[in-house]
>>> print(open('start_1.txt').read())   # compact mmCIF, C-alpha atoms
# COMPACT_ATOMS: atom_id res chain seq x y z
CA ALA A 1 -1.98 156.99 -48.81
CA ASN A 2 -2.20 154.04 -51.19
CA TYR A 3 -5.51 155.32 -52.58
CA LEU A 4 -4.00 158.79 -53.02
CA LYS A 5 -1.04 157.23 -54.83
CA SER A 6 -3.39 155.56 -57.31
CA TYR A 7 -5.33 158.77 -57.97
CA LEU A 8 -2.15 160.77 -58.56
CA GLU A 9 -0.63 158.13 -60.80
CA GLY A 10 -3.86 158.14 -62.79
CA LYS A 11 -3.23 161.83 -63.47
CA GLY A 12 0.32 161.03 -64.63
CA ALA A 13 2.27 161.83 -61.46
CA ARG A 14 5.21 159.73 -60.35
CA VAL A 15 4.64 158.89 -56.70
CA ILE A 16 7.33 157.77 -54.28
CA MET A 17 6.06 156.38 -50.98
CA THR A 18 8.28 156.71 -47.92
CA ARG A 19 6.62 153.52 -46.68
CA THR A 20 3.81 151.25 -47.88
CA SER A 21 2.67 149.78 -44.57
CA ASP A 22 2.23 150.92 -40.98
CA SER A 23 5.90 150.33 -40.23
CA GLU A 24 8.88 152.38 -39.20
CA LEU A 25 12.02 153.08 -41.19
CA SER A 26 14.06 153.19 -37.97
CA THR A 27 13.51 152.27 -34.35
CA THR A 28 14.53 155.81 -33.40
CA LEU A 29 11.76 158.34 -34.08
CA SER A 30 14.04 161.22 -35.07
CA THR A 31 15.97 158.98 -37.46
CA ASP A 32 12.73 157.58 -38.90
CA LEU A 33 11.40 161.07 -39.64
CA SER A 34 14.72 162.22 -41.11
CA MET A 35 14.79 159.16 -43.36
CA ARG A 36 11.34 160.04 -44.72
CA ALA A 37 12.48 163.58 -45.54
CA ASP A 38 15.67 162.18 -47.10
CA ILE A 39 13.64 159.93 -49.43
CA ALA A 40 11.79 162.98 -50.75
CA ASN A 41 14.92 165.14 -50.97
CA ASN A 42 17.06 162.47 -52.62
CA ASN A 43 14.39 161.88 -55.27
CA ASN A 44 13.94 165.60 -55.99
CA ALA A 45 10.24 165.39 -55.20
CA ASP A 46 8.03 168.30 -56.23
CA LEU A 47 5.63 167.79 -53.32
CA PHE A 48 5.74 166.06 -49.94
CA ILE A 49 2.37 164.97 -48.54
CA SER A 50 2.09 163.41 -45.08
CA ILE A 51 -1.33 162.06 -44.03
CA HIS A 52 -2.42 161.62 -40.41
CA ALA A 53 -5.48 161.19 -38.21
CA ASN A 54 -5.55 163.59 -35.27
CA GLY A 55 -6.41 162.83 -31.66
CA SER A 56 -7.18 164.77 -28.50
CA THR A 57 -8.11 164.23 -24.89
CA ASP A 58 -11.03 166.57 -25.65
CA PRO A 59 -13.69 164.42 -27.35
CA ASN A 60 -15.23 167.60 -28.83
CA ALA A 61 -12.08 168.54 -30.77
CA ASN A 62 -12.88 168.03 -34.42
CA GLY A 63 -12.13 169.02 -37.98
CA VAL A 64 -9.43 168.88 -40.61
CA GLU A 65 -6.25 170.91 -40.64
CA THR A 66 -3.09 170.95 -42.65
CA PHE A 67 0.32 172.09 -41.50
CA TYR A 68 3.05 173.53 -43.71
CA PRO A 69 6.72 174.43 -43.13
CA GLY A 70 7.73 177.87 -42.02
CA ASN A 71 11.30 177.62 -43.22
CA HIS A 72 10.87 177.17 -47.00
CA ASP A 73 8.26 177.43 -49.78
CA THR A 74 5.87 178.95 -47.27
CA SER A 75 3.43 180.58 -49.71
CA LEU A 76 3.25 177.56 -52.03
CA SER A 77 2.98 175.10 -49.15
CA LEU A 78 0.26 177.23 -47.57
CA SER A 79 -1.63 177.31 -50.86
CA LEU A 80 -1.47 173.52 -51.10
CA ALA A 81 -2.56 173.23 -47.45
CA ASN A 82 -5.53 175.50 -48.10
CA ASN A 83 -6.60 173.47 -51.14
CA ILE A 84 -6.40 170.17 -49.27
CA THR A 85 -8.22 171.41 -46.17
CA SER A 86 -10.92 173.05 -48.28
CA SER A 87 -11.51 169.88 -50.28
CA LEU A 88 -11.61 167.65 -47.20
CA SER A 89 -13.86 169.90 -45.15
CA THR A 90 -16.29 170.68 -47.98
CA ARG A 91 -16.67 167.16 -49.33
CA HIS A 92 -17.03 165.52 -45.91
CA SER A 93 -18.89 168.25 -43.98
CA MET A 94 -16.04 168.56 -41.51
CA LYS A 95 -14.95 171.68 -39.66
CA PRO A 96 -12.02 173.39 -41.40
CA ARG A 97 -9.52 174.27 -38.69
CA ALA A 98 -6.82 176.89 -39.24
CA ASN A 99 -3.89 175.77 -41.34
CA LEU A 100 -0.72 176.55 -39.45
CA VAL A 101 3.05 176.41 -39.66
CA GLY A 102 3.98 173.03 -38.24
CA ASN A 103 7.22 172.39 -36.44
CA PHE A 104 7.50 168.80 -37.65
CA ALA A 105 10.69 167.12 -38.86
CA VAL A 106 9.12 165.94 -42.11
CA LEU A 107 8.19 169.54 -42.91
CA ASN A 108 11.34 171.22 -41.64
CA GLN A 109 13.74 168.75 -43.25
CA THR A 110 12.17 168.53 -46.72
CA GLU A 111 13.36 170.89 -49.44
CA MET A 112 10.16 171.08 -51.49
CA ILE A 113 6.55 172.18 -51.10
CA ALA A 114 5.38 170.14 -48.13
CA VAL A 115 2.26 169.58 -46.04
CA LEU A 116 1.13 167.38 -43.19
CA THR A 117 -2.64 166.94 -43.22
CA GLU A 118 -4.79 165.79 -40.33
CA ILE A 119 -7.93 164.26 -41.87
CA GLY A 120 -10.00 164.47 -38.67
CA PHE A 121 -9.94 163.45 -35.04
CA MET A 122 -10.10 159.75 -34.22
CA SER A 123 -11.04 160.83 -30.68
CA ASN A 124 -14.21 162.54 -31.98
CA SER A 125 -17.04 160.14 -32.81
CA THR A 126 -18.40 162.27 -35.68
CA ASP A 127 -15.00 162.68 -37.34
CA TYR A 128 -14.15 159.03 -36.72
CA SER A 129 -17.38 157.92 -38.40
CA LYS A 130 -16.07 159.58 -41.59
CA MET A 131 -12.86 157.55 -41.62
CA ASP A 132 -13.73 154.16 -40.11
CA SER A 133 -14.23 152.13 -43.30
CA GLU A 134 -12.26 151.45 -46.46
CA ALA A 135 -14.86 153.35 -48.47
CA ASP A 136 -14.50 156.37 -46.15
CA ARG A 137 -10.70 156.31 -46.39
CA GLN A 138 -10.91 156.02 -50.17
CA ALA A 139 -13.24 159.05 -50.27
CA LEU A 140 -10.90 161.03 -47.98
CA ALA A 141 -7.95 160.15 -50.22
CA TYR A 142 -9.90 161.34 -53.25
CA SER A 143 -10.58 164.64 -51.48
CA ILE A 144 -6.86 165.08 -50.76
CA TYR A 145 -6.21 164.27 -54.43
CA LEU A 146 -8.70 166.96 -55.50
CA GLY A 147 -6.89 169.50 -53.30
CA ILE A 148 -3.53 168.54 -54.81
CA ARG A 149 -5.01 168.50 -58.33
CA LYS A 150 -6.41 172.01 -57.92
CA PHE A 151 -3.09 173.27 -56.56
CA TRP A 152 -0.81 171.52 -59.07
CA TRP A 153 -2.87 171.31 -62.24
CA GLY A 154 -5.35 174.12 -61.58
CA VAL A 155 -8.41 171.91 -62.09
>>> encode(input="start_1.txt", output="C-alpha cells")
Amino acid sequence: ANYLKSYLEGKGARVIMTRTSDSELSTTLSTDLSMRADIANNNNADLFISIHANGSTDPNANGVETFYPGNHDTSLSLSLANNITSSLSTRHSMKPRANLVGNFAVLNQTEMIAVLTEIGFMSNSTDYSKMDSEADRQALAYSIYLGIRKFWWGV
C-alpha cells in the first residue's frame, strides 16, 4: 500500500491511508472496518482501494481477483476492478479469477468507487513466490497503480 501511495502521489493524486502499518483502528473488527470506511467517506475520497493477500485450505487455489460493492457505483467499481485484475494478472502471469460483488464492510460502507483486491494466494506456492520479497511487492503495487491509472486517467 505504501508503494502504491508513492506511485499515485507521483501522478498528482492526494492519497489518504486508513492505516500505515499492520495495525488495527479498533479492537472490535466491525468497528475497525467501519472506521476505515468513515475515513474515506469523511475525506470525500474519489476511490477506495483495499489490498489483500488471499488464502485457502486448497493449496491449488490461485490467481488474482478484485471485489466491488453491489450497493453503489457498481459499473464504475467493476470497471476499476477489471483494470486492476487485468494489470496484475498480465504483468505477473497470474490466473485472473472472476471479479465479483463482495459483501465486505469496507465496500458496503464506502460512498465512492471502491474495490478490494486480492493480489494472489499466500497458500499457493507459485502465487506466494510472486509476493514474498520487497521487490515483488513493489512490482505488484505498480501493477495496481497501472490498473488505477488506466481507469482514472485513461493511460
>>> atom_distance(input="start_1.txt", atom1="atom CA of A:Tyr7", atom2="atom CA of A:Ala61")
29.7 Å
>>> atom_distance(input="start_1.txt", atom1="atom CA of A:Arg137", atom2="atom CA of A:Val15")
18.7 Å
>>> residues_around(input="start_1.txt", residues="stretch 69-77 of chain A", least_positions_apart="4", cutoff="10 Å", atoms="only C-alpha atoms", output="ChimeraX atom specification")
/A:47-48,81-83,100-116,151
>>> closest_residue(input="start_1.txt", among="A:Ser6, A:Asn54, A:Thr18, A:Asn99", to="A:Ile39", atoms="all atoms listed in the file")
A:Thr18
>>> atom_distance(input="start_1.txt", atom1="atom CA of A:Gly147", atom2="atom CA of A:Ser23")
26.5 Å
>>> residues_around(input="start_1.txt", residues="A:Ser123", least_positions_apart="4", cutoff="12 Å", atoms="only C-alpha atoms", output="PyMOL selection string")
chain A and resi 53-63+127-129+131-132
>>> closest_residue(input="start_1.txt", among="A:Gly154, A:Ile144, A:Leu80, A:Met94", to="A:Phe121", atoms="all atoms listed in the file")
A:Met94
>>> closest_residue(input="start_1.txt", among="A:Tyr145, A:Leu88, A:Lys150, A:Leu78", to="A:Gly10", atoms="all atoms listed in the file")
A:Tyr145
>>> closest_residue(input="start_1.txt", among="A:Ser86, A:Asn43, A:Ser133, A:Thr28", to="A:Ile16", atoms="all atoms listed in the file")
A:Asn43
>>> axis_aligned_box(input="start_1.txt", around="stretch 91-108 of chain A", padding_each_side="3 Å", output="AutoDock Vina command-line options")
--center_x -3.8 --center_y 171.2 --center_z -42.9 --size_x 36.2 --size_y 17.4 --size_z 18.9
>>> build_atoms(input="start_1.txt", residues="stretch 13-25 of chain A", atoms="N, CA and C atoms", output="compact mmCIF listing (two decimals), keeping the file's coordinate frame")
# COMPACT_ATOMS: atom_id res chain seq x y z
N ALA A 13 1.20 161.51 -62.42
CA ALA A 13 2.27 161.83 -61.46
C ALA A 13 3.09 160.58 -61.16
N ARG A 14 4.36 160.80 -60.86
CA ARG A 14 5.21 159.73 -60.35
C ARG A 14 5.21 159.88 -58.84
N VAL A 15 4.78 158.84 -58.15
CA VAL A 15 4.64 158.89 -56.70
C VAL A 15 5.68 157.99 -56.04
N ILE A 16 6.36 158.53 -55.07
CA ILE A 16 7.33 157.77 -54.28
C ILE A 16 6.80 157.73 -52.85
N MET A 17 6.56 156.54 -52.35
CA MET A 17 6.06 156.38 -50.98
C MET A 17 7.26 156.24 -50.04
N THR A 18 7.20 156.89 -48.89
CA THR A 18 8.28 156.71 -47.92
C THR A 18 8.11 155.39 -47.18
N ARG A 19 6.90 154.85 -47.22
CA ARG A 19 6.62 153.52 -46.68
C ARG A 19 5.27 153.08 -47.24
N THR A 20 5.06 151.77 -47.30
CA THR A 20 3.81 151.25 -47.88
C THR A 20 2.99 150.46 -46.87
N SER A 21 3.43 150.45 -45.63
CA SER A 21 2.67 149.78 -44.57
C SER A 21 2.85 150.59 -43.28
N ASP A 22 2.13 150.22 -42.26
CA ASP A 22 2.23 150.92 -40.98
C ASP A 22 3.48 150.40 -40.25
N SER A 23 4.63 150.78 -40.78
CA SER A 23 5.90 150.33 -40.23
C SER A 23 6.83 151.52 -40.11
N GLU A 24 7.91 151.32 -39.40
CA GLU A 24 8.88 152.38 -39.20
C GLU A 24 10.11 152.13 -40.05
N LEU A 25 10.77 153.19 -40.45
CA LEU A 25 12.02 153.08 -41.19
C LEU A 25 13.20 152.91 -40.26
